[in-house]
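A.B. asks: Below: one structure in structure tokens.
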Amino acid sequence: MKHSLLSLLLSFSVSCLGTSAETNRIDGESVMRHVEKIVAYGPHPPGSEAQKKVGAYITDELKSYGLEVRTHTFHPVTPLGRLEMTNIWATAKGERESVIILASHYDSKYFEDFPFVGANDSGSSSGLLLELARIVAQENPTDYTLWFVFFDGEEAFLDWTSADSLYGSREFVKMLKLRRQLHKISTLILLDMVGEENLVLHRDINSTAWLNKIIWDKAAEMEYGDIFQRQGSTGAVDDHIPFAEEGIPVVDIIDMDYAYWHRQEDTLDKLSAKNLRIVGNVVLASLPEIVNHLRH
Ligand SMILES: [Zn+2]
């Protein structure tokens with residue numbers, strides 16, 4: 001009798017915890033620790049030794065969550081010559097073969113005249129993507145297969161052009177086409193610059209309207225309308241574009257009003273663990289509704 005009462009109480013408290021955990025599972029401090037590790041490697045533009053080390057860190061972390069990790073190394077021609085770059089991705093299998101990609105780039109922009117570590121761009125989104133992978137590895141909130149993709153070479157070496165930018169995402173789409181896997185990709189959710197103290201996120205006009213709606217509605221429901229603002233919009237050319245060009249629904253969650261964007265001062269002290277947690281929790285909570293929409 002005692003026993004069953006105890007187990008009843010236990011199951012009650014577990015289910016209560018379960019409910020709050022569903023909407024509050026991201027550990028912002030863990031994300032900060034990832035970013036700290038990444039920026040400690042220093043500037044890590046594509047092709048650099050430091051970037052290889054960041055890639056090894058990401059790979060080791062993903063494997064430690066029990067996920068299957070794949071890499072694809074390629075050698076594009078850049079304004080600095082032919083460089084080696086590597087895309088990294090981990091798979092959390094679902095009942096269905098259909099894939100939802102969650103993505104970030106993990107290179108820091110190359111600057112000749114100052115050291116740029118990119119705590120927000122792209123440490124914040126890389127750190128958050130690792131934390132999302134850790135959580136989904138424990139429990140996939142959907143029956144879709146989720147891929148956590150870390151693109152190399154998002155940044156331009158010189159001025160942004162269609163040839164000098166998005167090296168990793170363009171290569172990833174090309175690779176999927178060659179492997180006849182592109183049809184499996186149902187959606188791409190991209191994170192970029194999601195950690196600053198004064199975080200404000202506007203809907204991106206180059207993203208798919210229904211994805212914007214689900215995510216911004218979910219944020220409003222969770223009372224994060226001050227960050228996911230409904231007024232105004234932004235136009236981002238980012239790693240989602242090569243996927244959008246193939247007709248895949250995409251969304252870029254990006255803060256385009258970062259005061260330290262592409263400046264030496266884009267350092268760890270500009271980040272907020274709280275905001276990283278909020279963005280991660282909104283993404284996690286949106287996933288079941290995204291899947292619902294894809295099914296109908
Ligand atoms: Zn950038």
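Every chain in the structure tokens takes a letter, A first, then B, and so on in the order presented; its residues are numbered from 1, and the ligands are numbered from 1 following the presented order.
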Write out as a PyMOL selection string each polymer residue whose atoms come within 12 Å of stretch 52-57 of chain A, counting only C-alpha atoms; drop sequence neighbours fewer than 5 positions from it.

C.D. replies: chain A and resi 34-47+62-64+69-73+84-89+105-108+117+122-123+126-127+130+149-152

A.B. asks: Can you spit out the residues from that selection as a compact mmCIF listing (two decimals), in the first residue's frame, using N, CA and C atoms?

C.D. replies:
# COMPACT_ATOMS: atom_id res chain seq x y z
N HIS A 34 30.15 25.32 -24.30
CA HIS A 34 30.55 24.95 -25.67
C HIS A 34 31.16 26.15 -26.40
N VAL A 35 30.51 27.30 -26.26
CA VAL A 35 31.00 28.49 -26.97
C VAL A 35 32.38 28.87 -26.44
N GLU A 36 32.53 28.75 -25.13
CA GLU A 36 33.82 29.04 -24.49
C GLU A 36 34.92 28.16 -25.09
N LYS A 37 34.65 26.88 -25.23
CA LYS A 37 35.61 25.94 -25.81
C LYS A 37 35.94 26.35 -27.25
N ILE A 38 34.89 26.67 -28.01
CA ILE A 38 35.09 26.99 -29.43
C ILE A 38 35.93 28.26 -29.59
N VAL A 39 35.60 29.31 -28.84
CA VAL A 39 36.36 30.55 -29.01
C VAL A 39 37.79 30.42 -28.47
N ALA A 40 38.00 29.46 -27.56
CA ALA A 40 39.35 29.25 -27.02
C ALA A 40 40.31 28.75 -28.11
N TYR A 41 39.80 28.18 -29.18
CA TYR A 41 40.67 27.77 -30.30
C TYR A 41 41.14 28.98 -31.10
N GLY A 42 40.57 30.16 -30.80
CA GLY A 42 40.95 31.37 -31.50
C GLY A 42 40.24 31.49 -32.84
N PRO A 43 40.71 32.43 -33.69
CA PRO A 43 40.10 32.57 -35.02
C PRO A 43 40.16 31.22 -35.74
N HIS A 44 39.06 30.81 -36.31
CA HIS A 44 39.03 29.49 -36.95
C HIS A 44 38.32 29.55 -38.30
N PRO A 45 38.93 30.32 -39.24
CA PRO A 45 38.34 30.38 -40.58
C PRO A 45 38.50 29.04 -41.29
N PRO A 46 37.72 28.82 -42.34
CA PRO A 46 37.81 27.56 -43.09
C PRO A 46 39.23 27.29 -43.56
N GLY A 47 39.64 26.05 -43.48
CA GLY A 47 40.96 25.67 -43.96
C GLY A 47 42.06 25.81 -42.93
N LEU A 62 29.30 15.25 -30.27
CA LEU A 62 28.15 14.56 -30.87
C LEU A 62 28.23 13.06 -30.62
N LYS A 63 29.44 12.51 -30.75
CA LYS A 63 29.61 11.06 -30.51
C LYS A 63 29.33 10.72 -29.06
N SER A 64 29.71 11.63 -28.15
CA SER A 64 29.51 11.36 -26.72
C SER A 64 28.03 11.32 -26.36
N VAL A 69 27.86 10.00 -36.31
CA VAL A 69 28.39 11.25 -36.90
C VAL A 69 29.02 10.97 -38.25
N ARG A 70 28.75 11.83 -39.21
CA ARG A 70 29.37 11.71 -40.53
C ARG A 70 30.06 13.02 -40.86
N THR A 71 31.07 12.93 -41.71
CA THR A 71 31.74 14.14 -42.17
C THR A 71 31.91 14.06 -43.68
N HIS A 72 32.00 15.20 -44.29
CA HIS A 72 32.27 15.26 -45.74
C HIS A 72 33.28 16.36 -45.97
N THR A 73 34.46 15.98 -46.46
CA THR A 73 35.53 16.94 -46.70
C THR A 73 35.58 17.27 -48.19
N GLU A 84 40.76 23.29 -47.75
CA GLU A 84 40.03 22.11 -47.28
C GLU A 84 38.94 22.53 -46.30
N MET A 85 37.73 22.05 -46.54
CA MET A 85 36.62 22.32 -45.62
C MET A 85 35.90 21.01 -45.32
N THR A 86 35.22 20.98 -44.17
CA THR A 86 34.53 19.75 -43.76
C THR A 86 33.16 20.07 -43.17
N ASN A 87 32.12 19.49 -43.74
CA ASN A 87 30.79 19.53 -43.12
C ASN A 87 30.68 18.35 -42.15
N ILE A 88 30.00 18.58 -41.05
CA ILE A 88 29.84 17.54 -40.02
C ILE A 88 28.34 17.40 -39.72
N TRP A 89 27.86 16.16 -39.63
CA TRP A 89 26.47 16.03 -39.20
C TRP A 89 26.23 14.75 -38.40
N HIS A 105 26.43 27.23 -38.99
CA HIS A 105 27.80 27.14 -39.52
C HIS A 105 28.76 27.14 -38.35
N TYR A 106 29.98 26.62 -38.56
CA TYR A 106 30.92 26.59 -37.42
C TYR A 106 32.27 27.24 -37.74
N ASP A 107 32.35 27.92 -38.88
CA ASP A 107 33.57 28.68 -39.19
C ASP A 107 33.45 30.10 -38.64
N SER A 108 34.58 30.70 -38.33
CA SER A 108 34.57 32.14 -38.02
C SER A 108 35.11 32.87 -39.25
N VAL A 117 37.10 35.87 -33.29
CA VAL A 117 36.73 34.54 -32.78
C VAL A 117 35.25 34.20 -32.99
N SER A 122 30.13 32.25 -35.26
CA SER A 122 29.02 31.38 -35.16
C SER A 122 29.08 30.47 -33.92
N GLY A 123 29.76 30.99 -32.85
CA GLY A 123 29.85 30.19 -31.63
C GLY A 123 28.49 29.90 -31.00
N SER A 126 26.44 27.29 -32.91
CA SER A 126 27.11 25.98 -32.85
C SER A 126 26.94 25.36 -31.47
N GLY A 127 27.14 26.18 -30.43
CA GLY A 127 26.97 25.68 -29.06
C GLY A 127 25.54 25.24 -28.81
N LEU A 130 24.73 21.93 -30.48
CA LEU A 130 25.25 20.78 -29.71
C LEU A 130 24.29 20.44 -28.57
N VAL A 149 23.38 19.51 -38.46
CA VAL A 149 24.41 19.75 -39.48
C VAL A 149 25.22 21.00 -39.14
N PHE A 150 26.54 20.83 -39.14
CA PHE A 150 27.47 21.94 -38.91
C PHE A 150 28.18 22.22 -40.24
N PHE A 151 27.83 23.36 -40.84
CA PHE A 151 28.43 23.72 -42.14
C PHE A 151 29.75 24.43 -41.93
N ASP A 152 30.72 24.06 -42.72
CA ASP A 152 31.97 24.82 -42.79
C ASP A 152 31.78 25.92 -43.85

A.B. asks: Report as JSON, numbers by chain which protein, DNA and RNA residues come within 9 Å of ligand 1, using only C-alpha atoms and all ligand atoms.

C.D. replies: {"A": [107, 108, 109, 118, 120, 121, 122, 154, 155, 156, 192, 193, 261, 262]}

A.B. asks: DSSP on the backbone: which residues in stretch 140-169 of chain A end up as strand (DSSP E)? Give the answer as an MDAnalysis selection string.

C.D. replies: chainID A and resid 145:151

A.B. asks: Let's have the selection written as a CSV table (one decimal), in the first residue's frame, with C-alpha atoms.

C.D. replies:
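The resulting part_18.csv:
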chain,number,residue,atom,x,y,z
A,145,THR,CA,14.8,11.6,-38.4
A,146,LEU,CA,16.7,14.7,-37.2
A,147,TRP,CA,20.1,15.7,-38.6
A,148,PHE,CA,22.3,18.2,-36.8
A,149,VAL,CA,24.4,19.8,-39.5
A,150,PHE,CA,27.5,21.9,-38.9
A,151,PHE,CA,28.4,23.7,-42.1

A.B. asks: Restricting the calculation to only C-alpha atoms, which member of A:His296, A:Lys177, A:His75, A:Arg203 is positioned closest to A:Ile227?

C.D. replies: A:Arg203

A.B. asks: Write down as a ChimeraX atom specification the residues of stretch 98-172 of chain A whose backbone DSSP state falls under alpha helix (DSSP H).

C.D. replies: /A:125-138,167-172

A.B. asks: Go ahead and write the selection's residues with C-alpha atoms as a JSON list (two decimals), in the first residue's frame.

C.D. replies:
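Saved as result.json:
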[["chain", "number", "residue", "atom", "x", "y", "z"],
["A", 125, "SER", "CA", 24.49, 28.75, -32.83],
["A", 126, "SER", "CA", 27.11, 25.98, -32.85],
["A", 127, "GLY", "CA", 26.97, 25.68, -29.06],
["A", 128, "LEU", "CA", 23.17, 25.69, -29.08],
["A", 129, "LEU", "CA", 23.05, 23.07, -31.84],
["A", 130, "LEU", "CA", 25.25, 20.78, -29.71],
["A", 131, "GLU", "CA", 22.89, 21.21, -26.77],
["A", 132, "LEU", "CA", 19.87, 20.49, -29.00],
["A", 133, "ALA", "CA", 21.60, 17.36, -30.26],
["A", 134, "ARG", "CA", 22.29, 16.19, -26.71],
["A", 135, "ILE", "CA", 18.63, 16.56, -25.75],
["A", 136, "VAL", "CA", 17.20, 14.99, -28.91],
["A", 137, "ALA", "CA", 19.65, 12.07, -28.58],
["A", 138, "GLN", "CA", 17.91, 11.27, -25.27],
["A", 167, "TYR", "CA", 30.70, 26.92, -49.36],
["A", 168, "GLY", "CA", 29.50, 24.28, -46.92],
["A", 169, "SER", "CA", 25.75, 24.46, -47.50],
["A", 170, "ARG", "CA", 26.14, 24.57, -51.29],
["A", 171, "GLU", "CA", 28.39, 21.51, -51.12],
["A", 172, "PHE", "CA", 25.98, 19.72, -48.77]]

A.B. asks: Between atom CA of A:Phe116 and atom CA of A:Ser207, what is the distance, to one decimal in Å?

C.D. replies: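 It comes out at 28.2 Å.
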
A.B. asks: Counting only C-alpha atoms, which of A:Trp210, A:Trp216, A:Trp160, A:Tyr260 gets nearest to A:Gln231?

C.D. replies: A:Trp216

A.B. asks: Kindly indicate which residue among A:Glu196, A:Asp164, A:Asp143, A:Glu245 lies nearest to A:Leu276, using only C-alpha atoms for the distances.

C.D. replies: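 Once distances to A:Leu276 are computed over only C-alpha atoms, the minimum belongs to A:Glu196.
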
A.B. asks: Restricting the calculation to only C-alpha atoms, which member of A:Asp159, A:Leu190, A:Ala285, A:His202 is positioned closest to A:Phe111?

C.D. replies: A:Asp159

A.B. asks: Do you know which residues are at most 9 Å from A:Pro141 counting only C-alpha atoms, after dropping those on the same chain fewer than 3 positions away, and could you put them as an mmCIF file with all heavy atoms, in the first residue's frame?

C.D. replies:
data_model
loop_
_atom_site.group_PDB
_atom_site.id
_atom_site.type_symbol
_atom_site.label_atom_id
_atom_site.label_comp_id
_atom_site.auth_asym_id
_atom_site.auth_seq_id
_atom_site.Cartn_x
_atom_site.Cartn_y
_atom_site.Cartn_z
ATOM 1 N N GLU A 22 9.541 19.546 -20.858
ATOM 2 C CA GLU A 22 9.297 19.603 -22.292
ATOM 3 C C GLU A 22 9.515 20.989 -22.877
ATOM 4 O O GLU A 22 9.933 21.135 -24.000
ATOM 5 C CB GLU A 22 7.856 19.179 -22.584
ATOM 6 C CG GLU A 22 7.754 17.736 -22.995
ATOM 7 C CD GLU A 22 6.331 17.238 -22.931
ATOM 8 O OE1 GLU A 22 5.431 18.004 -23.312
ATOM 9 O OE2 GLU A 22 6.148 16.114 -22.473
ATOM 10 N N VAL A 136 17.943 15.830 -27.963
ATOM 11 C CA VAL A 136 17.201 14.988 -28.914
ATOM 12 C C VAL A 136 17.752 13.561 -28.926
ATOM 13 O O VAL A 136 17.009 12.602 -29.124
ATOM 14 C CB VAL A 136 17.203 15.625 -30.318
ATOM 15 C CG1 VAL A 136 16.692 14.659 -31.363
ATOM 16 C CG2 VAL A 136 16.355 16.891 -30.306
ATOM 17 N N TYR A 144 10.203 11.944 -36.891
ATOM 18 C CA TYR A 144 11.084 12.210 -38.034
ATOM 19 C C TYR A 144 12.537 11.930 -37.637
ATOM 20 O O TYR A 144 12.880 11.961 -36.453
ATOM 21 C CB TYR A 144 10.952 13.671 -38.485
ATOM 22 C CG TYR A 144 9.801 13.905 -39.429
ATOM 23 C CD1 TYR A 144 8.504 13.558 -39.064
ATOM 24 C CD2 TYR A 144 10.000 14.455 -40.687
ATOM 25 C CE1 TYR A 144 7.443 13.756 -39.930
ATOM 26 C CE2 TYR A 144 8.944 14.658 -41.566
ATOM 27 C CZ TYR A 144 7.665 14.307 -41.176
ATOM 28 O OH TYR A 144 6.624 14.495 -42.037
ATOM 29 N N LEU A 284 12.804 23.622 -29.819
ATOM 30 C CA LEU A 284 12.370 22.282 -29.376
ATOM 31 C C LEU A 284 10.840 22.176 -29.318
ATOM 32 O O LEU A 284 10.262 21.194 -29.783
ATOM 33 C CB LEU A 284 12.910 21.991 -27.970
ATOM 34 C CG LEU A 284 14.259 21.310 -27.841
ATOM 35 C CD1 LEU A 284 14.538 21.050 -26.361
ATOM 36 C CD2 LEU A 284 14.333 20.012 -28.628
ATOM 37 N N ALA A 285 10.216 23.217 -28.765
ATOM 38 C CA ALA A 285 8.754 23.200 -28.605
ATOM 39 C C ALA A 285 8.048 23.311 -29.952
ATOM 40 O O ALA A 285 6.905 22.875 -30.096
ATOM 41 C CB ALA A 285 8.323 24.334 -27.681
ATOM 42 N N LEU A 287 9.096 21.893 -32.783
ATOM 43 C CA LEU A 287 9.314 20.702 -33.621
ATOM 44 C C LEU A 287 8.052 19.847 -33.811
ATOM 45 O O LEU A 287 7.722 19.493 -34.955
ATOM 46 C CB LEU A 287 10.461 19.846 -33.067
ATOM 47 C CG LEU A 287 11.875 20.343 -33.381
ATOM 48 C CD1 LEU A 287 12.915 19.503 -32.646
ATOM 49 C CD2 LEU A 287 12.149 20.334 -34.882
ATOM 50 N N PRO A 288 7.307 19.519 -32.746
ATOM 51 C CA PRO A 288 6.105 18.694 -32.963
ATOM 52 C C PRO A 288 5.094 19.374 -33.890
ATOM 53 O O PRO A 288 4.431 18.706 -34.682
ATOM 54 C CB PRO A 288 5.536 18.529 -31.551
ATOM 55 C CG PRO A 288 6.703 18.723 -30.641
ATOM 56 C CD PRO A 288 7.569 19.737 -31.314
#

A.B. asks: Find the spatial neighbours of A:His183, counting only C-alpha atoms, within a cut-off of 12 Å - ignore same-chain residues fewer than 6 positions away - and output them as a list of chain:residue names.

C.D. replies: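 Answer for this query is A:Glu97, A:Ser98, A:Val99, A:Ile100, A:Val173, A:Leu176, A:Lys177, A:Phe243, A:Glu246, A:Gly247, A:Ile248.
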
A.B. asks: What does the structure give for the distance between atom CA of A:Leu166 and atom CA of A:Lys274, in Å to one decimal?

C.D. replies: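 For atom CA of A:Leu166 relative to atom CA of A:Lys274, the distance reads 29.1 Å.
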
A.B. asks: Between A:Leu191, A:Ala236, A:Ala92, A:Ala163, which is the closest to A:Asp257 once you count only C-alpha atoms?

C.D. replies: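 Using only C-alpha atoms, A:Asp257 sits closest to A:Ala236.
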